[in-house]
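> Structure file structure-v5.cif (mmCIF, C-alpha atoms (C1' of nucleotides)) is given on the next line.
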data_structure
loop_
_atom_site.label_atom_id
_atom_site.label_comp_id
_atom_site.auth_asym_id
_atom_site.auth_seq_id
_atom_site.Cartn_x
_atom_site.Cartn_y
_atom_site.Cartn_z
CA MET A 1 23.02 -10.05 37.84
CA VAL A 2 24.82 -8.64 34.86
CA LYS A 3 25.01 -11.31 32.24
CA LYS A 4 28.22 -12.37 30.63
CA PRO A 5 29.19 -10.63 27.43
CA GLU A 6 28.66 -12.86 24.43
CA ASN A 7 30.30 -10.68 21.87
CA THR A 8 28.49 -7.42 21.92
CA LYS A 9 31.17 -5.64 19.92
CA GLN A 10 30.84 -8.03 17.00
CA LYS A 11 27.05 -7.86 17.19
CA ILE A 12 27.17 -4.07 17.02
CA LEU A 13 29.55 -4.19 14.09
CA LEU A 14 27.42 -6.60 12.09
CA LEU A 15 24.17 -4.82 12.87
CA GLY A 16 25.78 -1.50 11.98
CA GLU A 17 26.83 -2.91 8.64
CA LYS A 18 23.34 -4.25 8.02
CA LEU A 19 21.75 -0.89 8.83
CA LEU A 20 24.31 0.94 6.75
CA LYS A 21 23.52 -1.18 3.70
CA GLU A 22 19.77 -1.06 4.27
CA LYS A 23 19.16 2.55 5.28
CA GLY A 24 22.39 4.47 4.92
CA ILE A 25 24.77 5.88 7.50
CA ASN A 26 22.56 8.90 8.24
CA ALA A 27 19.33 6.97 8.72
CA PHE A 28 20.20 4.82 11.71
CA SER A 29 21.17 5.77 15.23
CA TYR A 30 23.06 4.22 18.09
CA HIS A 31 19.67 3.82 19.74
CA ASP A 32 18.53 1.63 16.83
CA ILE A 33 21.49 -0.61 17.48
CA SER A 34 21.32 -0.68 21.27
CA SER A 35 17.56 -1.29 21.45
CA SER A 36 17.80 -4.05 18.88
CA LEU A 37 20.61 -5.78 20.79
CA GLY A 38 19.02 -5.25 24.21
CA VAL A 39 21.82 -3.10 25.55
CA LYS A 40 22.00 0.57 26.44
CA ASN A 41 23.06 3.40 24.21
CA ALA A 42 26.29 3.93 26.12
CA ALA A 43 27.31 0.33 25.50
CA VAL A 44 27.54 1.09 21.81
CA HIS A 45 29.62 4.17 22.58
CA TYR A 46 31.84 2.05 24.80
CA HIS A 47 32.83 -0.18 21.87
CA PHE A 48 32.74 2.45 19.15
CA GLY A 49 33.31 5.87 20.64
CA SER A 50 31.77 7.73 17.74
CA LYS A 51 29.73 6.89 14.71
CA GLU A 52 32.79 7.56 12.61
CA ASP A 53 34.67 4.87 14.55
CA LEU A 54 31.87 2.43 13.80
CA LEU A 55 31.92 3.37 10.14
CA LEU A 56 35.67 2.87 9.91
CA ALA A 57 35.30 -0.55 11.53
CA ILE A 58 32.58 -1.51 9.06
CA ILE A 59 34.75 -0.54 6.10
CA GLU A 60 37.68 -2.42 7.63
CA GLU A 61 35.48 -5.48 8.11
CA ASN A 62 34.52 -5.40 4.44
CA ARG A 63 38.16 -5.02 3.46
CA LYS A 64 39.14 -8.07 5.54
CA ARG A 65 36.34 -10.10 4.02
CA PHE A 66 37.41 -9.15 0.50
CA GLU A 67 41.09 -9.92 1.16
CA GLN A 68 40.11 -13.28 2.57
CA MET A 69 38.01 -14.04 -0.48
CA ILE A 70 40.73 -13.26 -3.00
CA GLN A 71 43.30 -15.10 -0.94
CA GLN A 72 41.19 -18.25 -1.03
CA MET A 73 40.80 -17.93 -4.78
CA GLY A 74 44.51 -17.60 -5.50
CA THR A 75 46.09 -15.49 -8.23
CA ALA A 76 44.37 -14.74 -11.51
CA GLY A 77 46.97 -16.79 -13.39
CA HIS A 78 45.85 -19.97 -11.62
CA MET A 79 42.15 -19.29 -11.53
CA GLU A 80 39.08 -20.21 -13.52
CA VAL A 81 38.30 -16.63 -14.50
CA TRP A 82 34.56 -17.20 -14.88
CA ASN A 83 34.49 -18.72 -11.38
CA GLY A 84 36.40 -15.76 -10.04
CA LEU A 85 33.98 -13.33 -11.60
CA GLN A 86 31.02 -15.32 -10.32
CA GLU A 87 32.42 -15.31 -6.79
CA PHE A 88 32.65 -11.54 -7.00
CA ILE A 89 29.12 -11.23 -8.35
CA ASN A 90 27.93 -13.53 -5.55
CA ILE A 91 28.76 -10.79 -3.04
CA TYR A 92 26.12 -8.64 -4.72
CA ILE A 93 23.66 -11.53 -4.98
CA SER A 94 24.04 -12.13 -1.24
CA SER A 95 23.34 -8.45 -0.68
CA ILE A 96 20.11 -8.35 -2.63
CA GLU A 97 18.93 -11.62 -1.09
CA ASN A 98 19.70 -10.27 2.38
CA ASN A 99 16.87 -7.74 2.79
CA ARG A 100 17.73 -5.98 -0.47
CA GLN A 101 20.91 -4.56 0.93
CA ILE A 102 23.04 -2.48 -1.37
CA CYS A 103 26.82 -2.59 -1.49
CA LEU A 104 29.24 -0.51 0.55
CA PHE A 105 30.12 1.71 -2.40
CA GLY A 106 26.54 2.37 -3.33
CA SER A 107 25.64 3.28 0.23
CA LEU A 108 28.73 5.34 1.04
CA GLY A 109 29.07 6.77 -2.44
CA SER A 110 25.67 8.38 -1.94
CA ASP A 111 26.59 9.66 1.51
CA PHE A 112 30.20 10.38 0.62
CA PHE A 113 30.10 14.08 1.47
CA THR A 114 28.53 13.41 4.87
CA ILE A 115 31.28 11.12 6.15
CA GLY A 116 34.64 12.28 7.46
CA PRO A 117 37.96 12.30 5.58
CA LYS A 118 39.10 9.09 7.29
CA GLY A 119 36.10 7.19 5.99
CA GLN A 120 36.55 8.67 2.55
CA THR A 121 40.21 7.65 2.42
CA SER A 122 39.54 4.19 3.76
CA LEU A 123 36.78 3.66 1.24
CA LYS A 124 38.99 4.83 -1.56
CA LEU A 125 41.72 2.37 -0.60
CA LEU A 126 39.23 -0.48 -0.60
CA SER A 127 37.82 0.49 -3.97
CA GLU A 128 41.33 0.56 -5.42
CA LYS A 129 42.01 -2.92 -4.12
CA ILE A 130 38.81 -4.27 -5.62
CA LEU A 131 39.34 -2.57 -8.97
CA ALA A 132 42.92 -3.83 -9.14
CA TRP A 133 41.82 -7.39 -8.46
CA LEU A 134 38.96 -7.25 -10.96
CA SER A 135 41.25 -5.73 -13.59
CA GLU A 136 43.66 -8.63 -13.17
CA ILE A 137 40.95 -11.20 -13.70
CA LEU A 138 39.59 -9.34 -16.74
CA THR A 139 43.06 -9.03 -18.24
CA GLU A 140 43.85 -12.70 -17.68
CA GLY A 141 40.45 -13.78 -19.03
CA ARG A 142 40.84 -11.71 -22.17
CA LYS A 143 44.37 -13.07 -22.70
CA ARG A 144 42.94 -16.58 -22.55
CA GLY A 145 40.08 -15.73 -24.88
CA GLU A 146 37.48 -16.46 -22.20
CA PHE A 147 36.39 -12.83 -21.91
CA GLU A 148 35.86 -10.41 -24.73
CA PHE A 149 35.70 -6.66 -24.25
CA LYS A 150 37.04 -3.44 -25.72
CA GLY A 151 39.36 -0.94 -24.06
CA HIS A 152 41.28 -1.02 -20.80
CA ALA A 153 40.57 -3.74 -18.25
CA ARG A 154 40.60 -1.17 -15.44
CA ILE A 155 37.82 0.86 -17.02
CA LYS A 156 35.82 -2.26 -17.78
CA ALA A 157 36.29 -3.24 -14.13
CA MET A 158 34.91 0.12 -13.06
CA MET A 159 31.98 -0.40 -15.35
CA LEU A 160 31.21 -3.78 -13.82
CA CYS A 161 31.37 -2.34 -10.29
CA SER A 162 29.22 0.63 -11.26
CA ALA A 163 26.65 -1.54 -12.97
CA LEU A 164 26.46 -3.93 -10.01
CA ALA A 165 26.31 -1.15 -7.42
CA GLY A 166 23.74 0.81 -9.41
CA GLY A 167 21.87 -2.38 -10.21
CA LEU A 168 21.27 -3.14 -6.55
CA GLN A 169 19.78 0.32 -6.13
CA LEU A 170 17.64 0.20 -9.25
CA ALA A 171 16.40 -3.24 -8.29
CA ARG A 172 15.01 -1.73 -5.09
CA ILE A 173 13.00 0.71 -7.15
CA SER A 174 11.86 -1.87 -9.71
CA GLU A 175 12.15 -5.58 -8.91
CA LYS A 176 14.64 -8.08 -7.56
CA LYS A 177 14.34 -10.09 -10.78
CA ASP A 178 15.76 -7.13 -12.72
CA PHE A 179 19.04 -7.49 -10.90
CA TYR A 180 19.40 -11.10 -12.03
CA ASN A 181 18.67 -10.04 -15.59
CA LEU A 182 21.33 -7.36 -15.24
CA VAL A 183 23.86 -9.92 -14.03
CA ASP A 184 23.07 -12.13 -17.02
CA GLN A 185 23.51 -9.16 -19.33
CA ILE A 186 26.87 -8.32 -17.78
CA LYS A 187 28.06 -11.89 -18.24
CA SER A 188 26.63 -12.11 -21.72
CA ASP A 189 28.43 -8.91 -22.72
CA LEU A 190 31.71 -10.46 -21.59
CA LYS A 191 31.31 -13.70 -23.55
CA PRO A 192 33.31 -14.04 -26.75
CA SER A 193 31.07 -13.90 -29.80
CA MET B 194 19.06 23.04 -18.06
CA VAL B 195 17.67 24.13 -14.75
CA LYS B 196 15.92 27.49 -14.73
CA LYS B 197 16.88 30.26 -12.34
CA PRO B 198 14.42 30.42 -9.47
CA GLU B 199 12.31 33.55 -8.99
CA ASN B 200 10.15 32.85 -5.98
CA THR B 201 10.90 31.30 -2.62
CA LYS B 202 9.01 28.11 -3.37
CA GLN B 203 11.07 27.46 -6.47
CA LYS B 204 14.27 28.31 -4.60
CA ILE B 205 13.41 25.81 -1.88
CA LEU B 206 12.61 23.16 -4.45
CA LEU B 207 15.87 23.61 -6.34
CA LEU B 208 17.99 23.81 -3.21
CA GLY B 209 16.24 20.73 -1.86
CA GLU B 210 17.08 18.87 -5.06
CA LYS B 211 20.68 20.01 -4.85
CA LEU B 212 21.01 18.85 -1.24
CA LEU B 213 19.26 15.58 -2.02
CA LYS B 214 21.72 14.82 -4.79
CA GLU B 215 24.73 15.97 -2.81
CA LYS B 216 24.07 14.60 0.67
CA GLY B 217 20.98 12.43 0.53
CA ILE B 218 17.46 12.97 1.85
CA ASN B 219 18.42 12.11 5.45
CA ALA B 220 21.45 14.37 5.64
CA PHE B 221 19.88 17.76 5.13
CA SER B 222 17.30 19.61 7.19
CA TYR B 223 14.74 22.31 6.65
CA HIS B 224 17.08 24.53 8.62
CA ASP B 225 19.82 23.96 6.02
CA ILE B 226 17.42 25.22 3.40
CA SER B 227 15.94 28.15 5.32
CA SER B 228 19.27 29.48 6.58
CA SER B 229 20.79 29.23 3.13
CA LEU B 230 17.89 31.13 1.57
CA GLY B 231 17.69 33.72 4.35
CA VAL B 232 14.17 32.80 5.41
CA LYS B 233 12.83 31.12 8.53
CA ASN B 234 12.26 27.44 9.07
CA ALA B 235 8.49 27.84 9.03
CA ALA B 236 8.65 29.41 5.58
CA VAL B 237 9.87 26.11 4.22
CA HIS B 238 7.04 24.33 6.00
CA TYR B 239 4.62 26.83 4.55
CA HIS B 240 5.50 25.80 0.99
CA PHE B 241 6.19 22.13 1.66
CA GLY B 242 4.28 21.01 4.74
CA SER B 243 6.48 17.98 5.31
CA LYS B 244 9.76 16.67 4.08
CA GLU B 245 7.86 14.01 2.19
CA ASP B 246 5.97 16.75 0.33
CA LEU B 247 9.27 18.32 -0.65
CA LEU B 248 10.61 14.96 -1.79
CA LEU B 249 7.53 14.32 -3.91
CA ALA B 250 7.89 17.74 -5.50
CA ILE B 251 11.55 17.08 -6.28
CA ILE B 252 10.71 13.79 -7.97
CA GLU B 253 7.89 15.48 -9.88
CA GLU B 254 10.28 18.23 -10.98
CA ASN B 255 12.68 15.64 -12.35
CA ARG B 256 9.84 13.90 -14.13
CA LYS B 257 8.74 17.14 -15.78
CA ARG B 258 12.28 17.89 -16.87
CA PHE B 259 12.65 14.43 -18.38
CA GLU B 260 9.31 14.60 -20.21
CA GLN B 261 10.28 17.97 -21.60
CA MET B 262 13.61 16.63 -22.80
CA ILE B 263 12.14 13.66 -24.65
CA GLN B 264 9.39 15.80 -26.11
CA GLN B 265 11.96 18.16 -27.60
CA MET B 266 13.84 15.24 -29.07
CA GLY B 267 10.84 13.68 -30.77
CA THR B 268 10.18 9.98 -31.25
CA ALA B 269 12.94 7.41 -31.58
CA GLY B 270 11.90 6.73 -35.18
CA HIS B 271 12.79 10.30 -36.19
CA MET B 272 15.87 10.73 -34.05
CA GLU B 273 19.61 10.47 -34.42
CA VAL B 274 19.94 7.67 -31.88
CA TRP B 275 23.50 8.55 -30.90
CA ASN B 276 22.38 12.14 -30.26
CA GLY B 277 19.50 10.88 -28.18
CA LEU B 278 21.77 8.71 -26.10
CA GLN B 279 24.25 11.56 -25.67
CA GLU B 280 21.49 13.90 -24.49
CA PHE B 281 20.58 11.33 -21.88
CA ILE B 282 24.19 10.89 -20.80
CA ASN B 283 24.51 14.68 -20.60
CA ILE B 284 22.12 14.67 -17.65
CA TYR B 285 24.68 12.63 -15.74
CA ILE B 286 27.58 14.77 -16.98
CA SER B 287 25.77 17.87 -15.71
CA SER B 288 25.35 16.14 -12.35
CA ILE B 289 29.00 15.31 -11.88
CA GLU B 290 30.06 18.76 -13.05
CA ASN B 291 27.60 20.34 -10.61
CA ASN B 292 29.36 19.67 -7.31
CA ARG B 293 29.63 15.95 -7.99
CA GLN B 294 25.93 15.42 -7.59
CA ILE B 295 24.63 11.93 -8.11
CA CYS B 296 21.39 11.10 -9.89
CA LEU B 297 17.94 10.81 -8.35
CA PHE B 298 17.96 7.01 -8.55
CA GLY B 299 21.36 6.68 -6.96
CA SER B 300 20.40 8.98 -4.12
CA LEU B 301 16.92 7.63 -3.49
CA GLY B 302 17.82 4.04 -4.32
CA SER B 303 20.22 4.15 -1.39
CA ASP B 304 17.65 5.72 0.91
CA PHE B 305 14.72 3.83 -0.57
CA PHE B 306 13.62 2.17 2.68
CA THR B 307 13.67 5.46 4.56
CA ILE B 308 11.22 7.28 2.28
CA GLY B 309 7.46 6.81 2.36
CA PRO B 310 5.37 4.68 -0.01
CA LYS B 311 4.32 7.72 -2.05
CA GLY B 312 7.92 8.58 -2.82
CA GLN B 313 8.68 4.97 -3.63
CA THR B 314 5.77 4.72 -6.04
CA SER B 315 6.52 8.04 -7.67
CA LEU B 316 10.15 7.09 -8.14
CA LYS B 317 9.15 3.76 -9.63
CA LEU B 318 6.87 5.45 -12.16
CA LEU B 319 9.66 7.78 -13.23
CA SER B 320 12.15 4.94 -13.58
CA GLU B 321 9.69 3.05 -15.76
CA LYS B 322 9.28 6.07 -18.01
CA ILE B 323 13.02 6.48 -18.39
CA LEU B 324 13.64 2.80 -19.03
CA ALA B 325 10.84 2.68 -21.60
CA TRP B 326 12.29 5.67 -23.46
CA LEU B 327 15.84 4.31 -23.38
CA SER B 328 14.63 0.91 -24.54
CA GLU B 329 12.95 2.52 -27.53
CA ILE B 330 16.13 4.29 -28.55
CA LEU B 331 18.21 1.16 -28.12
CA THR B 332 15.74 -0.91 -30.14
CA GLU B 333 15.60 1.63 -32.93
CA GLY B 334 19.40 2.02 -32.96
CA ARG B 335 19.96 -1.71 -33.16
CA LYS B 336 17.39 -2.00 -35.95
CA ARG B 337 19.33 0.61 -37.90
CA GLY B 338 22.66 -1.05 -37.19
CA GLU B 339 23.95 1.97 -35.29
CA PHE B 340 23.99 0.16 -31.95
CA GLU B 341 25.14 -3.37 -31.32
CA PHE B 342 24.29 -5.32 -28.18
CA LYS B 343 23.04 -8.72 -27.09
CA GLY B 344 19.75 -9.55 -25.40
CA HIS B 345 16.68 -7.47 -24.65
CA ALA B 346 16.79 -3.69 -25.09
CA ARG B 347 15.02 -3.21 -21.77
CA ILE B 348 17.69 -5.06 -19.84
CA LYS B 349 20.44 -3.25 -21.71
CA ALA B 350 18.67 0.00 -20.81
CA MET B 351 18.70 -1.00 -17.17
CA MET B 352 22.36 -1.76 -17.44
CA LEU B 353 23.09 1.67 -18.87
CA CYS B 354 21.14 3.37 -16.09
CA SER B 355 22.79 1.26 -13.42
CA ALA B 356 26.27 1.88 -14.79
CA LEU B 357 25.66 5.64 -15.02
CA ALA B 358 24.09 5.87 -11.57
CA GLY B 359 26.77 3.70 -9.98
CA GLY B 360 29.43 5.50 -11.97
CA LEU B 361 28.55 8.85 -10.44
CA GLN B 362 28.92 7.32 -6.99
CA LEU B 363 32.16 5.51 -7.72
CA ALA B 364 33.59 8.66 -9.29
CA ARG B 365 33.08 10.41 -5.95
CA ILE B 366 35.22 7.76 -4.29
CA SER B 367 37.86 7.71 -7.02
CA GLU B 368 38.07 10.56 -9.51
CA LYS B 369 35.85 12.59 -11.78
CA LYS B 370 37.93 11.51 -14.78
CA ASP B 371 36.89 7.90 -14.16
CA PHE B 372 33.31 8.80 -14.93
CA TYR B 373 34.25 10.13 -18.35
CA ASN B 374 36.19 6.94 -19.03
CA LEU B 375 33.15 4.96 -18.00
CA VAL B 376 30.95 6.93 -20.40
CA ASP B 377 33.41 6.25 -23.22
CA GLN B 378 33.38 2.55 -22.34
CA ILE B 379 29.59 2.47 -22.38
CA LYS B 380 29.50 4.11 -25.79
CA SER B 381 32.32 1.94 -27.12
CA ASP B 382 30.48 -1.19 -25.97
CA LEU B 383 27.45 -0.09 -27.98
CA LYS B 384 29.33 0.56 -31.22
CA PRO B 385 29.03 -2.05 -33.96
CA SER B 386 32.28 -3.96 -34.40
"C1'" DA C 387 43.88 -10.78 48.56
"C1'" DA C 388 44.28 -6.51 46.36
"C1'" DA C 389 44.61 -3.93 42.31
"C1'" DT C 390 43.31 -3.34 37.85
"C1'" DA C 391 41.00 -3.97 33.53
"C1'" DT C 392 36.69 -5.12 31.05
"C1'" DA C 393 32.03 -4.55 29.88
"C1'" DC C 394 28.75 -2.59 30.68
"C1'" DT C 395 24.40 0.74 33.10
"C1'" DT C 396 22.37 4.97 34.94
"C1'" DA C 397 21.63 9.38 34.27
"C1'" DC C 398 22.52 13.22 32.00
"C1'" DT C 399 23.80 17.16 28.46
"C1'" DT C 400 23.62 19.70 24.41
"C1'" DA C 401 22.18 19.99 19.79
"C1'" DT C 402 19.22 19.40 16.19
"C1'" DC C 403 15.25 17.67 14.05
"C1'" DA C 404 10.40 17.99 11.81
"C1'" DG C 405 6.49 20.19 12.63
"C1'" DT C 406 2.85 23.70 14.48
"C1'" DA C 407 -0.01 27.58 16.32
"C1'" DA C 408 -0.62 32.19 16.20
"C1'" DG C 409 0.42 36.56 14.51
"C1'" DT C 410 1.51 40.13 10.70
"C1'" DA C 411 2.20 42.91 6.67
"C1'" DA C 412 1.22 43.49 2.03
"C1'" DA C 413 -1.28 42.39 -2.13
"C1'" DC C 414 -5.59 41.46 -4.16
"C1'" DA C 415 -10.72 40.94 -4.72
"C1'" DA C 416 -15.62 42.22 -3.59
"C1'" DT D 417 -13.50 50.30 1.83
"C1'" DT D 418 -13.55 45.96 3.71
"C1'" DG D 419 -12.51 41.20 3.63
"C1'" DT D 420 -9.65 37.63 2.17
"C1'" DT D 421 -5.71 35.36 0.54
"C1'" DT D 422 -0.63 35.02 0.18
"C1'" DA D 423 3.73 34.73 2.09
"C1'" DC D 424 5.78 34.81 5.38
"C1'" DT D 425 7.80 35.52 10.97
"C1'" DT D 426 7.91 34.65 15.94
"C1'" DA D 427 7.95 31.50 19.20
"C1'" DC D 428 7.35 27.28 20.49
"C1'" DT D 429 6.88 21.74 21.16
"C1'" DG D 430 8.17 17.04 21.57
"C1'" DA D 431 11.15 13.71 19.71
"C1'" DT D 432 15.45 12.09 18.81
"C1'" DA D 433 20.32 12.57 17.91
"C1'" DA D 434 25.36 11.86 19.38
"C1'" DG D 435 28.06 11.86 23.08
"C1'" DT D 436 29.76 11.79 28.19
"C1'" DA D 437 30.71 11.33 33.25
"C1'" DA D 438 30.34 8.51 36.89
"C1'" DG D 439 29.04 4.30 38.92
"C1'" DT D 440 28.87 -1.04 39.19
"C1'" DA D 441 29.50 -5.96 38.67
"C1'" DT D 442 32.51 -9.31 36.94
"C1'" DA D 443 36.89 -11.15 35.25
"C1'" DT D 444 41.84 -11.10 35.11
"C1'" DT D 445 46.34 -10.12 36.75
"C1'" DT D 446 49.80 -9.50 40.36
#
Kindly transcribe the structure held in the file into structure tokens.


Amino acid sequence: MVKKPENTKQKILLLGEKLLKEKGINAFSYHDISSSLGVKNAAVHYHFGSKEDLLLAIIEENRKRFEQMIQQMGTAGHMEVWNGLQEFINIYISSIENNRQICLFGSLGSDFFTIGPKGQTSLKLLSEKILAWLSEILTEGRKRGEFEFKGHARIKAMMLCSALAGGLQLARISEKKDFYNLVDQIKSDLKPS
Amino acid sequence: MVKKPENTKQKILLLGEKLLKEKGINAFSYHDISSSLGVKNAAVHYHFGSKEDLLLAIIEENRKRFEQMIQQMGTAGHMEVWNGLQEFINIYISSIENNRQICLFGSLGSDFFTIGPKGQTSLKLLSEKILAWLSEILTEGRKRGEFEFKGHARIKAMMLCSALAGGLQLARISEKKDFYNLVDQIKSDLKPS
DNA sequence: AAATATACTTACTTATCAGTAAGTAAACAA
DNA sequence: TTGTTTACTTACTGATAAGTAAGTATATTT
């Protein structure tokens, strides 16, 4: 009678991530997940005991995905820096094309004071990884004369992340097209004159 | 600067705005407001029948404050453009210094799909006003040779707003200091070389 | 074959949420 | 003086939230 599990845990994780990036951690419930997947509320609690557990798993999933991406691209020294940057930007493009989702940092930055210390720490570690990687690419690109910008690469990296994260949110309020214009502006600002 | 509230209605409005910018519209309740102000839940409902009404009033309050600010500064043609820009940035500085609040667009951009159409429309109108004003300043500044940037002023304006909004969120995850570095980077990027 | 582990469901609890109806005390207007 | 409006309180509703204890069918291990 009871059907075989397909991979309910993974389905919950992915749907949780989707809801997190569409509505925010405080605007979806376990019931939203269970009803959408055709299981019962307790099934979600079986796989992720608390909402904090689910959140931690979502952050971890995003970390894995990012690590995998940069591993496939190789080190900055052996990379086409413009390709590397574009790959990074493509994460945000995928977000906006996927039901106008925003990024993890935009969503959890807004709700930062409503999540537990574990989530905060985990998020911070991920942001450091991303900023370190972006800084490397920016540094290498500037060394090669393919990027041009003032100041420290790390701060420029933070600016790119902030602009992309904020851009996804502003594009919800205005138009999707605005985000593509923003991306072009970001790239244009980085081009040597 | 935000005035000190005299009556209950104004207190509710200001506390609602504070909670919105600290925790997001879905993470505070009327009870949070009433208990904090020492009144009963129904008193909040008396002044703002629904949470949507409160949200609309908060957006309207921010609109008024912005209109007042730009009125005091006068038109772009008669303004020190760097002063004008700094005044605008000061709104964000006040936010981060005030319990690490984020801006209205960061908060409601994240929760955009959980607020009603009235809130969405109202927010859109305000964002258009702000972008129009910023565009004017950027255009005037570039004409005078005090700002330097590529492309359309409107898109650059959107980039500034996105970077500032996203920067407030990222600074929660990393450090307050990072936001000040970001502001310096933004200004440095605008300076003629 | 028996024991155990996995992946759930049923049925429930406790807490909190937005919102409302009815009452009240004080200020104000006719 | 009387009636009305303002600014609430008391007391409640129905919905929904996260979370849990106990049961069940199936799969895996011994």

> Using only C-alpha atoms (C1' of nucleotides), which chain C residues lie at most 12 Å away from chain A, written as a ChimeraX atom specification?

/C:392-398

> Return as a PyMOL selection string the set of residues that the PyMOL selection byres ((chain D) within 10 of (chain B)) yields on the displayed structure.

chain D and resi 423-426

> What are the closest atom pairs, with distances in Å to one decimal, for each residue of chain B lying within 9 Å of chain A, using only C-alpha atoms, rows by chain and rising residue number, as JSON lines?


{"residue": "B:Lys214", "atom": "CA", "partner": "A:Ser110", "partner_atom": "CA", "distance": 8.1}
{"residue": "B:Glu215", "atom": "CA", "partner": "A:Phe113", "partner_atom": "CA", "distance": 7.1}
{"residue": "B:Lys216", "atom": "CA", "partner": "A:Asp111", "partner_atom": "CA", "distance": 5.6}
{"residue": "B:Gly217", "atom": "CA", "partner": "A:Asp111", "partner_atom": "CA", "distance": 6.3}
{"residue": "B:Asn219", "atom": "CA", "partner": "A:Asn26", "partner_atom": "CA", "distance": 5.9}
{"residue": "B:Ala220", "atom": "CA", "partner": "A:Asn26", "partner_atom": "CA", "distance": 6.2}
{"residue": "B:Ile295", "atom": "CA", "partner": "A:Ser110", "partner_atom": "CA", "distance": 7.2}
{"residue": "B:Phe298", "atom": "CA", "partner": "A:Leu170", "partner_atom": "CA", "distance": 6.9}
{"residue": "B:Gly299", "atom": "CA", "partner": "A:Gln169", "partner_atom": "CA", "distance": 6.6}
{"residue": "B:Ser300", "atom": "CA", "partner": "A:Ser110", "partner_atom": "CA", "distance": 5.7}
{"residue": "B:Leu301", "atom": "CA", "partner": "A:Gln169", "partner_atom": "CA", "distance": 8.3}
{"residue": "B:Gly302", "atom": "CA", "partner": "A:Gln169", "partner_atom": "CA", "distance": 4.6}
{"residue": "B:Ser303", "atom": "CA", "partner": "A:Ser107", "partner_atom": "CA", "distance": 5.7}
{"residue": "B:Asp304", "atom": "CA", "partner": "A:Lys23", "partner_atom": "CA", "distance": 5.6}
{"residue": "B:Phe305", "atom": "CA", "partner": "A:Arg172", "partner_atom": "CA", "distance": 7.2}
{"residue": "B:Phe306", "atom": "CA", "partner": "A:Lys23", "partner_atom": "CA", "distance": 6.1}
{"residue": "B:Thr307", "atom": "CA", "partner": "A:Lys23", "partner_atom": "CA", "distance": 6.3}
{"residue": "B:Gln313", "atom": "CA", "partner": "A:Ile173", "partner_atom": "CA", "distance": 7.0}
{"residue": "B:Thr314", "atom": "CA", "partner": "A:Ile173", "partner_atom": "CA", "distance": 8.3}
{"residue": "B:Leu316", "atom": "CA", "partner": "A:Ile173", "partner_atom": "CA", "distance": 7.1}
{"residue": "B:Lys317", "atom": "CA", "partner": "A:Ile173", "partner_atom": "CA", "distance": 5.5}
{"residue": "B:Ser320", "atom": "CA", "partner": "A:Ile173", "partner_atom": "CA", "distance": 7.7}
{"residue": "B:Glu321", "atom": "CA", "partner": "A:Ser174", "partner_atom": "CA", "distance": 8.1}
{"residue": "B:Phe342", "atom": "CA", "partner": "A:Asp189", "partner_atom": "CA", "distance": 7.7}
{"residue": "B:Lys343", "atom": "CA", "partner": "A:Asp189", "partner_atom": "CA", "distance": 6.9}
{"residue": "B:Gly344", "atom": "CA", "partner": "A:Gln185", "partner_atom": "CA", "distance": 7.2}
{"residue": "B:His345", "atom": "CA", "partner": "A:Gln185", "partner_atom": "CA", "distance": 8.8}
{"residue": "B:Ile348", "atom": "CA", "partner": "A:Leu182", "partner_atom": "CA", "distance": 6.3}
{"residue": "B:Lys349", "atom": "CA", "partner": "A:Gln185", "partner_atom": "CA", "distance": 7.1}
{"residue": "B:Met351", "atom": "CA", "partner": "A:Leu182", "partner_atom": "CA", "distance": 7.1}
{"residue": "B:Met352", "atom": "CA", "partner": "A:Leu182", "partner_atom": "CA", "distance": 6.1}
{"residue": "B:Leu353", "atom": "CA", "partner": "A:Ala163", "partner_atom": "CA", "distance": 7.6}
{"residue": "B:Cys354", "atom": "CA", "partner": "A:Gly166", "partner_atom": "CA", "distance": 7.6}
{"residue": "B:Ser355", "atom": "CA", "partner": "A:Gly166", "partner_atom": "CA", "distance": 4.1}
{"residue": "B:Ala356", "atom": "CA", "partner": "A:Ala163", "partner_atom": "CA", "distance": 3.9}
{"residue": "B:Leu357", "atom": "CA", "partner": "A:Ser162", "partner_atom": "CA", "distance": 7.2}
{"residue": "B:Ala358", "atom": "CA", "partner": "A:Gly166", "partner_atom": "CA", "distance": 5.5}
{"residue": "B:Gly359", "atom": "CA", "partner": "A:Ser162", "partner_atom": "CA", "distance": 4.1}
{"residue": "B:Gly360", "atom": "CA", "partner": "A:Ser162", "partner_atom": "CA", "distance": 4.9}
{"residue": "B:Leu361", "atom": "CA", "partner": "A:Gly109", "partner_atom": "CA", "distance": 8.3}
{"residue": "B:Gln362", "atom": "CA", "partner": "A:Gly109", "partner_atom": "CA", "distance": 4.6}
{"residue": "B:Leu363", "atom": "CA", "partner": "A:Gly109", "partner_atom": "CA", "distance": 6.2}
{"residue": "B:Ala364", "atom": "CA", "partner": "A:Gly109", "partner_atom": "CA", "distance": 8.4}
{"residue": "B:Arg365", "atom": "CA", "partner": "A:Gly109", "partner_atom": "CA", "distance": 6.5}
{"residue": "B:Ile366", "atom": "CA", "partner": "A:Lys124", "partner_atom": "CA", "distance": 5.5}
{"residue": "B:Ser367", "atom": "CA", "partner": "A:Lys124", "partner_atom": "CA", "distance": 6.3}
{"residue": "B:Asp371", "atom": "CA", "partner": "A:Ile155", "partner_atom": "CA", "distance": 7.7}
{"residue": "B:Asn374", "atom": "CA", "partner": "A:Ile155", "partner_atom": "CA", "distance": 6.6}
{"residue": "B:Leu375", "atom": "CA", "partner": "A:Met159", "partner_atom": "CA", "distance": 6.1}
{"residue": "B:Val376", "atom": "CA", "partner": "A:Met159", "partner_atom": "CA", "distance": 9.0}
{"residue": "B:Gln378", "atom": "CA", "partner": "A:Lys156", "partner_atom": "CA", "distance": 7.1}
{"residue": "B:Ile379", "atom": "CA", "partner": "A:Met159", "partner_atom": "CA", "distance": 8.0}
{"residue": "B:Ser381", "atom": "CA", "partner": "A:Lys150", "partner_atom": "CA", "distance": 7.3}
{"residue": "B:Asp382", "atom": "CA", "partner": "A:Lys150", "partner_atom": "CA", "distance": 6.9}
